[in-house]
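One structure is given below, encoded as structure tokens.
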Amino acid sequence: MRRLLTAALAAGLVGSLPKWLPGRVVALRVKIFALVNGEEGLPIPGDRVGVKDFRRVYADPAANGRSKGAALSDLFWYWLAPGPQVHQEHLEAGPRYDEVAKTTRHILVKTRAESEELTRRVTEHVLDGLEIGDGKHIRLRDEMMPIWAELYYELVFGEPCPPEARDLIVGHADDVVSALKCVRPRNMRRRAKLTKYLRRRLGDIPHALPTRLTRDEQVFYLQGTFFNTAVVQMSEAMAHLLMIIAQHPDVQQRLVANPDDDQYLDRVIDEGLRTYPLFGIAHRITTGAIELDDTTIDAGTVLLFSYPDFHHAGFERPDEFDLARWEPPAGCPAHAAAPSNAPAGLSKKDANFLPFGVAQNRACPARGLAPITMRVVTREFLRRYSVASSAAHTRSIPNRGPVFLTPRGSARSTRGPLAYLAVRDRWEDVWRSVAQLVFGTYMVLDARQKRLCVNYFANHGGE
């Protein structure tokens with residue numbers, strides 16, 4: 001009897017792991033990170049600087065330090081290596097940053113028609129190679145990466161992406177984002193393969209590259225800006241968007257029935273970016289004092305701008321995806337399609353909503369391109385497939401967006417596959433949380449020991 005009771009208790013404990021273990025492990029990981037890195041920085045919004053001053057402080061000319069002087073930079077440089085010192089997002093303000101930013105804008109500039117045609121072509125090429133039979137479980141982030149690898153390769157090189165380059169870009173981007181999520185340690189050998197390829201092909205690029213960068217730095221700039229950040233962020237953006245569509249059948253039905261309704265699709269994209277902002281914490285270092293009505297932020301302060309906290313402030317049920325927030329006001333042509341009880345729509349400029357950052361302080365250089373390309377990929381995806389998911393959907397999306405995919409118009413039942421997906425995802429969360437604790441702790445300690453940012457500025461002065 002005692003053995004049966006012990007076995008029952010053990011089985012109950014094991015069966016309950018998905019409910020309590022991941023949360024406990026995440027909390028422990030946060031405590032370990034704080035112990036290792038110290039409590040550096042001024043959270044915004046927070047007790048000293050509230051939501052109302054978020055934009056004001058972010059846009060202040062004195063909030064323009066990027067890496068130098070913040071211990072937190074060592075960790076970001078570690079995750080984004082190689083070449084974080086010339087990554088556009090990590091360069092200090094000055095002539096080198098200005099030239100790099102100008103080059104990025106030049107590479108990205110396309111007419112809307114050109115951007116749509118390029119996106120449609122690469123999306124068709126990638127999705128036509130996706131074999132799902134009468135239904136298949138996939139990870140959205142994994143299937144989106146080849147699309148953005150091909151798109152950004154063509155923007156940089158001005159030619160279609162060869163399979164070798166696509167594999168190297170996807171492998172590199174996957175390694176970076178997996179390290180950022182702490183699901184496995186970074187693999188610099190894997191990243192070096194893309195570095196070697198870009199170094200060999202540097203002379204084939206039809207754009208003038210920044211003259212203030214050495215040849216190796218030009219390689220690192222391309223690798224970090226286009227084949228790291230751009231590919232990772234756009235893959236995550238599409239994974240979030242398609243997860244939302246997978247878990248909201250009414251939204252999916254309307255998008256399929258009205259594929260050319262840009263206004264509705266834009267509201268879906270906007271509410272997705274509000275609910276699951278791509279950026280977590282953006283840190284800046286003040287180069288001068290910032291005066292506010294009720295406080296002064298001293299020079300040398302590390303500012304920690306929390307996009308999730310800002311995007312969720314001032315909204316009812318902020319964690320919920322709710323398209324009614326953006327429904328057009330009465331009198332607008334699009335209002336006829338909105339529910340009769342929908343409230344007047346929010347204005348993006350008045351809401352706590354900064355999906356691509358502040359224009360005065362390093363806004364995302366692809367902020368004009370991203371919505372256009374996301375629309376095209378969404379339409380091409382939904383034209384081919386029906387998508388459903390019972391997996392957890394969080395901002396960090398460490399599960400890579402698991403869904404069940406069927407050909408558009410298929411009569412196959414999704415009940416069984418979704419039940420399986422729900423169970424699998426909950427149990428994966430158990431081992432994944434433990435892996436994140438182990439690998440995250442290791443990388444934080446390793447980054448602290450290597451001190452990439454501190455050592456760089458110690459050897460290069462104010463550069």
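We label chains A, B, ... in the order they appear in the structure tokens, count residues from 1 in each chain, and number ligands from 1 in the order shown.
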
| field | Every residue of stretch 10-250 of chain A that DSSP places in alpha helix (DSSP H), as a ChimeraX atom specification | value | /A:10-37,54-58,72-80,95-108,112-127,140-157,163-180,188-201,215-224,231-247,249-250

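The shell of residues at most 9 Å from A:Met144, with only C-alpha atoms counted and near chain neighbours (fewer than 3 positions) removed, consists of Thr123, Val126, Arg139, Leu140, Arg141, Ile147, Trp148, Ala149, Val231, Met234, Ser235, Glu236, Met238 and Ala239 of chain A.
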
Mind writing the picked residues with N, CA and C atoms as a short mmCIF file (atom, residue, chain, number, x, y, z; two decimals), in the first residue's frame?
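In the end it all went to part.cif:
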```cif
data_model
loop_
_atom_site.label_atom_id
_atom_site.label_comp_id
_atom_site.auth_asym_id
_atom_site.auth_seq_id
_atom_site.Cartn_x
_atom_site.Cartn_y
_atom_site.Cartn_z
N THR A 123 9.14 34.65 -51.23
CA THR A 123 8.18 33.89 -50.42
C THR A 123 7.65 32.69 -51.21
N VAL A 126 10.37 29.98 -51.35
CA VAL A 126 10.56 29.23 -50.12
C VAL A 126 9.35 28.35 -49.82
N ARG A 139 7.47 24.67 -37.02
CA ARG A 139 7.82 25.81 -36.16
C ARG A 139 7.88 27.03 -37.08
N LEU A 140 7.04 28.00 -36.81
CA LEU A 140 6.92 29.14 -37.72
C LEU A 140 8.24 29.89 -37.89
N ARG A 141 8.96 30.10 -36.80
CA ARG A 141 10.20 30.87 -36.92
C ARG A 141 11.20 30.16 -37.84
N ILE A 147 12.90 32.76 -45.82
CA ILE A 147 12.32 33.86 -46.59
C ILE A 147 13.12 35.13 -46.40
N TRP A 148 13.40 35.46 -45.15
CA TRP A 148 14.11 36.72 -44.87
C TRP A 148 15.59 36.61 -45.22
N ALA A 149 16.15 35.40 -45.14
CA ALA A 149 17.53 35.21 -45.58
C ALA A 149 17.65 35.54 -47.06
N VAL A 231 17.15 39.46 -40.22
CA VAL A 231 16.58 38.12 -40.41
C VAL A 231 15.90 37.64 -39.14
N MET A 234 12.61 39.92 -38.28
CA MET A 234 11.50 39.70 -39.20
C MET A 234 10.94 38.27 -39.07
N SER A 235 11.80 37.31 -38.80
CA SER A 235 11.32 35.94 -38.59
C SER A 235 10.47 35.86 -37.33
N GLU A 236 10.91 36.54 -36.28
CA GLU A 236 10.13 36.56 -35.04
C GLU A 236 8.82 37.32 -35.24
N MET A 238 7.05 37.62 -37.96
CA MET A 238 6.10 36.78 -38.71
C MET A 238 5.64 35.58 -37.87
N ALA A 239 6.51 35.04 -37.03
CA ALA A 239 6.08 33.95 -36.16
C ALA A 239 4.99 34.42 -35.21
#
```

| Polymer residues at most 8 Å from stretch 42-50 of chain A, only C-alpha atoms, same-chain spacing of 2 or more positions, as a PyMOL selection string | chain A and resi 40+52-54+295+301-306+309-310

| field | All strand (DSSP E or B) positions in stretch 83-214 of chain A, as a PyMOL selection string | value | chain A and resi 136-139

I need the residues from that last selection saved to file as a PDB file, in the first residue's frame (with C-alpha atoms), if you can.
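New file result36.pdb:
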```pdb
ATOM      1  CA  LYS A 136       2.225  18.811 -40.704  1.00  0.00           C
ATOM      2  CA  HIS A 137       3.478  20.271 -37.430  1.00  0.00           C
ATOM      3  CA  ILE A 138       6.013  23.043 -38.061  1.00  0.00           C
ATOM      4  CA  ARG A 139       7.818  25.809 -36.160  1.00  0.00           C
TER       5      ARG A 139
END
```

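Among the candidates A:Val232, A:Ala81, A:Met443, A:Ala113, the one nearest to A:Asp142 when counting only C-alpha atoms is A:Val232.
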
| said: With only C-alpha atoms as the counted atoms, please give the residues lying no more than 7 Å from stretch 415-427 of chain A, apart from itself and same-chain residues fewer than 2 positions off, as a list in words. | reply: Pro18, Ser389, Ser390, Ala391, Phe404, Ser413, Asp429 and Val430 of chain A
